[in-house]
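Pasted below: input-v5.txt, compact mmCIF, C-alpha atoms.
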```
# COMPACT_ATOMS: atom_id res chain seq x y z
CA MET O 1 -12.05 14.41 -16.07
CA SER O 2 -13.58 15.06 -12.69
CA THR O 3 -13.17 12.39 -10.05
CA GLU O 4 -15.13 13.43 -7.01
CA ARG O 5 -14.49 11.45 -3.88
CA ASP O 6 -16.22 11.52 -0.54
CA PRO O 7 -13.79 13.25 1.86
CA GLN O 8 -14.97 11.17 4.82
CA LEU O 9 -14.28 7.94 3.02
CA MET O 10 -10.93 9.34 1.91
CA ALA O 11 -10.09 9.98 5.56
CA LEU O 12 -11.23 6.47 6.49
CA PHE O 13 -9.02 4.85 3.89
CA ALA O 14 -6.06 6.93 5.08
CA GLU O 15 -6.80 6.01 8.70
CA ALA O 16 -7.02 2.29 7.86
CA GLU O 17 -3.54 2.36 6.31
CA THR O 18 -1.32 0.26 8.57
CA GLU O 19 2.47 0.50 8.71
CA LEU O 20 3.60 -2.95 7.58
CA ASP O 21 7.37 -3.00 7.59
CA ASP O 22 8.08 -6.22 9.50
CA PRO O 23 11.29 -7.90 8.31
CA GLY O 24 9.59 -11.33 8.23
CA PHE O 25 7.78 -10.55 4.99
CA ARG O 26 10.96 -9.40 3.27
CA HIS O 27 12.97 -12.31 4.64
CA GLU O 28 10.42 -14.83 3.36
CA LEU O 29 10.35 -13.16 -0.05
CA MET O 30 14.14 -13.09 -0.42
CA GLN O 31 14.25 -16.77 0.58
CA SER O 32 11.70 -17.58 -2.12
CA ILE O 33 13.76 -15.64 -4.66
CA GLY O 34 16.88 -17.59 -3.63
CA LYS O 35 14.97 -20.89 -3.90
CA GLU O 36 13.66 -19.96 -7.34
CA ARG O 37 17.16 -19.05 -8.50
CA ARG O 38 18.51 -22.41 -7.29
CA LYS O 39 15.61 -24.21 -8.98
CA THR O 40 16.31 -22.41 -12.27
CA LEU O 41 19.97 -23.35 -11.99
CA ILE O 42 19.09 -27.01 -11.38
CA VAL O 43 16.68 -27.06 -14.34
CA TRP O 44 19.31 -25.53 -16.67
CA THR O 45 22.00 -27.89 -15.43
CA ALA O 46 19.70 -30.87 -16.05
CA PHE O 47 18.84 -29.53 -19.52
CA VAL O 48 22.49 -29.09 -20.46
CA ALA O 49 23.31 -32.58 -19.10
CA VAL O 50 20.49 -34.15 -21.13
CA ALA O 51 21.59 -32.19 -24.23
CA LEU O 52 25.16 -33.43 -23.78
CA VAL O 53 24.01 -37.04 -23.41
CA CYS O 54 21.89 -36.64 -26.55
CA VAL O 55 24.87 -35.24 -28.45
CA VAL O 56 27.02 -38.19 -27.37
CA LEU O 57 24.33 -40.76 -28.14
CA PHE O 58 23.09 -39.34 -31.40
CA ALA O 59 26.27 -37.80 -32.80
CA ALA O 60 27.07 -40.75 -35.08
CA PRO O 61 23.53 -41.22 -36.52
CA PHE O 62 23.22 -37.44 -36.92
CA VAL O 63 26.51 -37.22 -38.85
CA ALA O 64 25.45 -40.17 -41.03
CA ALA O 65 22.08 -38.51 -41.75
CA ALA O 66 23.81 -35.21 -42.55
CA GLU O 67 26.21 -36.99 -44.92
CA MET O 68 23.34 -38.75 -46.63
CA ALA O 69 21.42 -35.49 -47.04
CA THR O 70 24.53 -33.75 -48.38
CA ALA O 71 24.97 -36.50 -50.95
CA LEU O 72 21.29 -36.76 -51.86
CA LEU O 73 20.08 -33.16 -51.99
CA PRO O 74 22.25 -31.94 -54.90
CA SER O 75 21.32 -34.96 -57.08
CA SER O 76 19.73 -34.01 -60.38
CA LEU O 77 16.04 -34.70 -60.87
CA VAL O 78 16.31 -34.94 -64.64
CA SER O 79 19.53 -36.08 -66.30
CA ILE O 80 20.73 -33.66 -68.96
CA GLU O 81 23.45 -34.75 -71.32
CA ALA O 82 24.86 -31.36 -72.25
CA ASP O 83 27.29 -30.37 -69.52
CA TRP O 84 26.83 -26.61 -69.88
CA LEU O 85 23.02 -26.96 -69.63
CA GLN O 86 23.37 -29.27 -66.63
CA GLN O 87 25.51 -26.62 -64.90
CA LEU O 88 23.10 -23.84 -65.83
CA LEU O 89 20.00 -25.63 -64.55
CA ALA O 90 21.70 -27.09 -61.45
CA PRO O 91 20.07 -24.57 -59.02
CA VAL O 92 16.57 -25.72 -60.02
CA ASN O 93 17.27 -29.25 -61.21
CA SER O 94 17.95 -30.95 -57.89
CA ILE O 95 16.12 -32.60 -54.99
CA ALA O 96 16.99 -29.64 -52.73
CA ALA O 97 15.51 -27.20 -55.27
CA ALA O 98 12.35 -29.31 -55.57
CA ILE O 99 11.93 -29.35 -51.79
CA ALA O 100 12.54 -25.59 -51.56
CA ILE O 101 10.12 -24.79 -54.41
CA GLY O 102 7.52 -27.12 -52.90
CA PHE O 103 7.85 -25.45 -49.51
CA LEU O 104 7.58 -21.93 -50.95
CA THR O 105 4.53 -22.88 -53.03
CA LEU O 106 2.78 -24.43 -50.05
CA ARG O 107 3.53 -21.36 -47.92
CA LYS O 108 2.15 -19.02 -50.58
CA LEU O 109 -0.93 -21.17 -50.95
CA TYR O 110 -1.48 -21.24 -47.19
CA ARG O 111 -1.15 -17.45 -46.94
CA ARG O 112 -3.55 -16.90 -49.81
CA LEU O 113 -6.15 -19.27 -48.38
CA PHE O 114 -5.98 -18.51 -44.67
CA ARG O 115 -4.82 -14.88 -44.26
CA MET P 1 19.43 3.95 -8.15
CA LEU P 2 17.90 0.98 -6.28
CA VAL P 3 15.68 0.16 -9.25
CA SER P 4 18.63 0.33 -11.64
CA LEU P 5 20.70 -1.93 -9.39
CA SER P 6 17.81 -4.38 -9.04
CA ARG P 7 17.53 -4.54 -12.81
CA THR P 8 21.08 -5.89 -12.93
CA GLY P 9 20.08 -8.70 -10.56
CA ASN P 10 21.33 -7.13 -7.32
CA ARG P 11 19.35 -8.89 -4.59
CA ASP P 12 20.32 -6.47 -1.81
CA ALA P 13 18.99 -3.54 -3.82
CA PHE P 14 15.77 -5.40 -4.50
CA SER P 15 15.45 -6.30 -0.84
CA GLU P 16 15.69 -2.60 0.02
CA LEU P 17 13.05 -1.80 -2.61
CA VAL P 18 10.77 -4.37 -1.01
CA ALA P 19 11.35 -2.81 2.41
CA ARG P 20 10.30 0.58 1.05
CA ARG P 21 7.27 -0.58 -0.94
CA GLN P 22 5.87 -3.46 1.11
CA THR P 23 3.56 -1.31 3.26
CA TRP P 24 1.93 0.14 0.19
CA VAL P 25 1.57 -3.14 -1.72
CA ARG P 26 0.35 -5.10 1.32
CA ASN P 27 -2.20 -2.43 2.24
CA LEU P 28 -3.46 -2.33 -1.34
CA MET P 29 -3.87 -6.11 -1.31
CA ARG P 30 -5.57 -6.03 2.09
CA ARG P 31 -8.13 -3.54 0.83
CA CYS P 32 -8.68 -5.62 -2.32
CA SER P 33 -8.96 -9.00 -0.59
CA GLY P 34 -10.10 -8.11 2.93
CA ASP P 35 -7.87 -10.91 4.21
CA ALA P 36 -4.46 -10.17 5.72
CA ALA P 37 -2.98 -13.63 5.13
CA LEU P 38 -4.18 -13.83 1.54
CA ALA P 39 -3.02 -10.23 0.98
CA ASP P 40 0.48 -11.13 2.14
CA ASP P 41 0.57 -14.21 -0.13
CA LEU P 42 -0.49 -12.10 -3.08
CA SER P 43 2.01 -9.38 -2.15
CA GLN P 44 4.75 -12.01 -2.18
CA GLN P 45 3.61 -12.96 -5.69
CA VAL P 46 3.67 -9.31 -6.73
CA PHE P 47 7.29 -8.87 -5.63
CA MET P 48 8.32 -12.23 -7.11
CA GLN P 49 6.79 -11.20 -10.42
CA ALA P 50 8.52 -7.83 -10.19
CA TRP P 51 11.88 -9.54 -9.54
CA ARG P 52 11.42 -11.83 -12.55
CA SER P 53 10.43 -8.95 -14.85
CA MET P 54 12.83 -6.27 -13.59
CA ARG P 55 14.81 -6.32 -16.84
CA GLN P 56 11.65 -5.48 -18.80
CA LEU P 57 11.21 -2.22 -16.91
CA GLN P 58 12.47 0.41 -19.34
CA ASP P 59 12.16 3.55 -17.21
CA ALA P 60 13.29 3.28 -13.58
CA ALA P 61 11.23 6.37 -12.71
CA ARG P 62 8.06 4.46 -13.57
CA PHE P 63 8.75 1.72 -11.02
CA ALA P 64 5.81 2.59 -8.72
CA ALA P 65 3.28 2.65 -11.56
CA TRP P 66 4.76 -0.55 -12.99
CA LEU P 67 4.55 -2.28 -9.60
CA LYS P 68 0.94 -1.14 -9.23
CA GLN P 69 0.12 -2.65 -12.63
CA ILE P 70 1.68 -5.96 -11.53
CA ALA P 71 -0.26 -5.87 -8.24
CA ILE P 72 -3.59 -5.30 -9.99
CA ASN P 73 -2.84 -8.03 -12.55
CA ILE P 74 -1.99 -10.48 -9.77
CA TRP P 75 -5.24 -9.59 -8.01
CA LEU P 76 -7.31 -9.99 -11.20
CA GLN P 77 -5.62 -13.34 -11.94
CA HIS P 78 -6.37 -14.46 -8.40
CA LYS P 79 -10.04 -13.52 -8.81
CA ARG P 80 -10.24 -15.41 -12.11
CA ARG P 81 -8.64 -18.52 -10.61
CA ASN P 82 -10.77 -18.70 -7.48
CA ASP P 83 -14.41 -19.67 -7.56
CA PRO P 84 -16.70 -17.84 -5.11
CA LEU P 85 -17.20 -20.89 -2.84
CA ARG P 86 -13.46 -21.44 -2.39
CA ALA P 87 -12.96 -17.74 -1.82
CA ALA P 88 -15.66 -17.77 0.86
CA ASN P 89 -14.00 -20.71 2.61
CA GLN P 90 -10.65 -18.98 2.54
CA HIS P 91 -12.29 -15.93 4.01
CA ILE P 92 -13.70 -17.91 6.93
CA GLU P 93 -10.45 -19.82 7.52
CA SER P 94 -8.35 -16.71 7.68
CA ASP P 95 -10.67 -14.68 9.86
CA SER P 96 -8.10 -14.80 12.66
CA SER P 97 -5.61 -12.90 10.52
CA HIS P 98 -7.85 -9.83 10.86
CA ARG P 99 -6.97 -9.52 14.51
CA GLU P 100 -3.61 -7.89 13.87
CA GLN P 101 -5.35 -5.03 12.06
CA PRO P 102 -6.83 -1.94 13.71
CA ALA P 103 -10.61 -1.91 14.14
CA ILE P 104 -11.08 0.78 11.55
CA ALA P 105 -9.25 -1.31 8.92
CA MET P 106 -11.33 -4.37 9.83
CA ASP P 107 -14.58 -2.43 9.54
CA LEU P 108 -13.48 -0.92 6.26
CA ASP P 109 -12.52 -4.34 4.87
CA ARG P 110 -15.83 -5.77 6.06
CA ALA P 111 -17.73 -2.97 4.32
CA LEU P 112 -15.64 -3.43 1.17
CA GLY P 113 -16.35 -7.16 1.33
CA ALA P 114 -20.05 -6.43 0.88
CA LEU P 115 -19.33 -4.98 -2.57
CA ALA P 116 -19.05 -6.98 -5.77
CA ASP P 117 -15.47 -7.76 -6.83
CA ASP P 118 -15.27 -5.24 -9.66
CA ALA P 119 -16.94 -2.51 -7.60
CA ARG P 120 -14.57 -3.17 -4.73
CA LEU P 121 -11.54 -2.92 -7.02
CA CYS P 122 -12.79 0.37 -8.48
CA ILE P 123 -13.42 1.80 -5.01
CA VAL P 124 -9.99 0.72 -3.74
CA LEU P 125 -8.21 2.17 -6.75
CA SER P 126 -10.16 5.39 -6.44
CA TYR P 127 -9.95 5.92 -2.68
CA HIS P 128 -6.84 4.02 -1.66
CA GLU P 129 -4.74 4.74 -4.74
CA ARG P 130 -6.45 8.04 -5.55
CA MET P 131 -6.59 7.15 -9.21
CA THR P 132 -8.83 8.95 -11.69
CA HIS P 133 -11.56 7.11 -13.57
CA ALA P 134 -9.48 7.25 -16.74
CA GLU P 135 -6.47 5.74 -14.96
CA ILE P 136 -8.65 2.94 -13.56
CA GLU P 137 -9.99 2.32 -17.06
CA THR P 138 -6.45 2.00 -18.42
CA LEU P 139 -5.31 -0.24 -15.59
CA THR P 140 -8.27 -2.64 -15.39
CA GLY P 141 -9.69 -2.49 -18.91
CA MET P 142 -13.22 -1.91 -17.56
CA PRO P 143 -15.48 0.49 -19.50
CA LEU P 144 -15.47 4.05 -18.14
CA GLY P 145 -19.24 4.09 -17.56
CA THR P 146 -19.07 0.90 -15.53
CA ILE P 147 -16.25 2.31 -13.42
CA LYS P 148 -18.20 5.50 -12.68
CA SER P 149 -21.28 3.52 -11.78
CA HIS P 150 -19.30 1.13 -9.52
CA ILE P 151 -17.69 4.05 -7.71
CA ARG P 152 -20.96 5.98 -7.31
CA ARG P 153 -22.87 2.99 -5.95
CA GLY P 154 -19.93 1.69 -3.95
CA THR P 155 -19.41 5.07 -2.30
CA LYS P 156 -23.06 5.20 -1.31
CA ARG P 157 -22.91 1.67 0.09
CA LEU P 158 -19.74 2.39 2.08
CA GLN P 159 -21.23 5.61 3.45
CA GLU P 160 -24.15 3.59 4.78
CA GLU P 161 -22.02 0.75 6.14
CA LEU P 162 -19.50 3.06 7.79
CA SER P 163 -21.86 5.74 9.04
CA GLU P 164 -20.50 5.30 12.59
CA TYR P 165 -17.20 6.76 11.38
CA ALA P 166 -18.90 9.77 9.81
CA ASP P 167 -17.07 12.23 12.03
CA ILE P 168 -13.55 10.85 11.44
CA SER P 169 -12.55 13.50 8.91
CA GLU P 170 -13.38 16.21 11.42
CA GLU P 171 -11.17 14.73 14.16
CA PRO P 172 -7.72 16.23 14.59
CA ARG P 173 -4.85 13.96 13.49
```
Would you mind writing the structure in this file as structure tokens?
Amino acid sequence: MSTERDPQLMALFAEAETELDDPGFRHELMQSIGKERRKTLIVWTAFVAVALVCVVLFAAPFVAAAEMATALLPSSLVSIEADWLQQLLAPVNSIAAAIAIGFLTLRKLYRRLFR
Amino acid sequence: MLVSLSRTGNRDAFSELVARRQTWVRNLMRRCSGDAALADDLSQQVFMQAWRSMRQLQDAARFAAWLKQIAINIWLQHKRRNDPLRAANQHIESDSSHREQPAIAMDLDRALGALADDARLCIVLSYHERMTHAEIETLTGMPLGTIKSHIRRGTKRLQEELSEYADISEEPR
């Protein structure tokens, strides 16, 4: 591809080029980089502190909720008297299975309708 | 070597890179903006962005091209953010910052300032960066025909505005 340029303008642009190597610019930039690094450190420290406080505050309720979910999710939806059948259908006959199947169905439906 | 060291977070290496590239980036920004103070602010942003993204640079040999891409993106973002009125005010306020530049640079920036933003960018990339039309197309995302037209008209306009310097290419350096 040809890119013709006016030689006089080329010369003008070259002539207008100024040597700009003052240390002030670099010094200011490196100071800004240092400030940004300190700011990032402060933000992360604050985040970790807040996360730790949350862990301390919500540890007990979280454990209780997890225990409740662990107890509730494997419960059978339909009671089956025959033990062997109960064992066989356990993967689909539970609250956890119902939630999982519901989620997968909704996702498939969403993909079919909107993609 | 400096680029590789900078990618590992070495600030001294990056500082040296800045020392070597600042003239080029600041001149590019001066030609784009026509305002020395604004150009330096934008150049600071360019290097800050480069520092933050150093780890994303895959090939150290492509540092110059990568930095140029960042510089143009920063300039385009600046143009999108600033409405013409605010830009005009900034231009007036920072008129004093021109004084540190040689007369030829001031006249060139004044002539470039008469062009529309896109045309000015195309002209700067073509004449200052010596990029081909195809390279400008890749860098700015403007259609090739528009770029050619901007450069053709912009060149004509600059020739008229800077006719007093017509003999500069014939002068010995």
Give me, as JSON lines, the closest atom pair and its distance (Å, one decimal) for every residue of chain O within a cut-off of 8 Å of chain P, counting only C-alpha atoms, rows sorted by chain and rising number.
```
{"residue": "O:Met1", "atom": "CA", "partner": "P:Ala134", "partner_atom": "CA", "distance": 7.6}
{"residue": "O:Ser2", "atom": "CA", "partner": "P:Thr132", "partner_atom": "CA", "distance": 7.8}
{"residue": "O:Thr3", "atom": "CA", "partner": "P:Thr132", "partner_atom": "CA", "distance": 5.8}
{"residue": "O:Arg5", "atom": "CA", "partner": "P:Tyr127", "partner_atom": "CA", "distance": 7.3}
{"residue": "O:Asp6", "atom": "CA", "partner": "P:Thr155", "partner_atom": "CA", "distance": 7.4}
{"residue": "O:Pro7", "atom": "CA", "partner": "P:Ser169", "partner_atom": "CA", "distance": 7.2}
{"residue": "O:Gln8", "atom": "CA", "partner": "P:Ser169", "partner_atom": "CA", "distance": 5.3}
{"residue": "O:Leu9", "atom": "CA", "partner": "P:Gln159", "partner_atom": "CA", "distance": 7.3}
{"residue": "O:Met10", "atom": "CA", "partner": "P:Tyr127", "partner_atom": "CA", "distance": 5.8}
{"residue": "O:Ala11", "atom": "CA", "partner": "P:Ser169", "partner_atom": "CA", "distance": 5.4}
{"residue": "O:Leu12", "atom": "CA", "partner": "P:Ile168", "partner_atom": "CA", "distance": 7.0}
{"residue": "O:Phe13", "atom": "CA", "partner": "P:His128", "partner_atom": "CA", "distance": 6.0}
{"residue": "O:Ala14", "atom": "CA", "partner": "P:His128", "partner_atom": "CA", "distance": 7.4}
{"residue": "O:Glu15", "atom": "CA", "partner": "P:Ile104", "partner_atom": "CA", "distance": 7.3}
{"residue": "O:Ala16", "atom": "CA", "partner": "P:Ala105", "partner_atom": "CA", "distance": 4.4}
{"residue": "O:Glu17", "atom": "CA", "partner": "P:Asn27", "partner_atom": "CA", "distance": 6.4}
{"residue": "O:Thr18", "atom": "CA", "partner": "P:Asn27", "partner_atom": "CA", "distance": 6.9}
{"residue": "O:Glu19", "atom": "CA", "partner": "P:Thr23", "partner_atom": "CA", "distance": 5.8}
{"residue": "O:Leu20", "atom": "CA", "partner": "P:Thr23", "partner_atom": "CA", "distance": 4.6}
{"residue": "O:Asp21", "atom": "CA", "partner": "P:Thr23", "partner_atom": "CA", "distance": 6.0}
{"residue": "O:Pro23", "atom": "CA", "partner": "P:Ala19", "partner_atom": "CA", "distance": 7.8}
{"residue": "O:Phe25", "atom": "CA", "partner": "P:Asp40", "partner_atom": "CA", "distance": 7.9}
{"residue": "O:Arg26", "atom": "CA", "partner": "P:Val18", "partner_atom": "CA", "distance": 6.6}
{"residue": "O:Leu29", "atom": "CA", "partner": "P:Gln44", "partner_atom": "CA", "distance": 6.1}
{"residue": "O:Met30", "atom": "CA", "partner": "P:Ser15", "partner_atom": "CA", "distance": 6.9}
{"residue": "O:Ile33", "atom": "CA", "partner": "P:Met48", "partner_atom": "CA", "distance": 6.9}
```
Atom pair atom CA of O:Ser32 / atom CA of P:Val46: separation (Å): 12.4 Å
Mind giving me the straight-line distance from atom CA of P:His78 to atom CA of P:His150 in Å, one decimal?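 Separation of atom CA of P:His78 and atom CA of P:His150: 20.3 Å.
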All residues 7 Å or closer to stretch 55-60 of chain P, all atoms listed in the file, same chain fewer than 4 positions away omitted, as a list in words: Val3, Ser4 and Arg7 of chain P
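Among the candidates O:Ile99, O:Leu104, O:Val63, O:Val56, the one nearest to O:Leu77 when counting only C-alpha atoms is O:Ile99.
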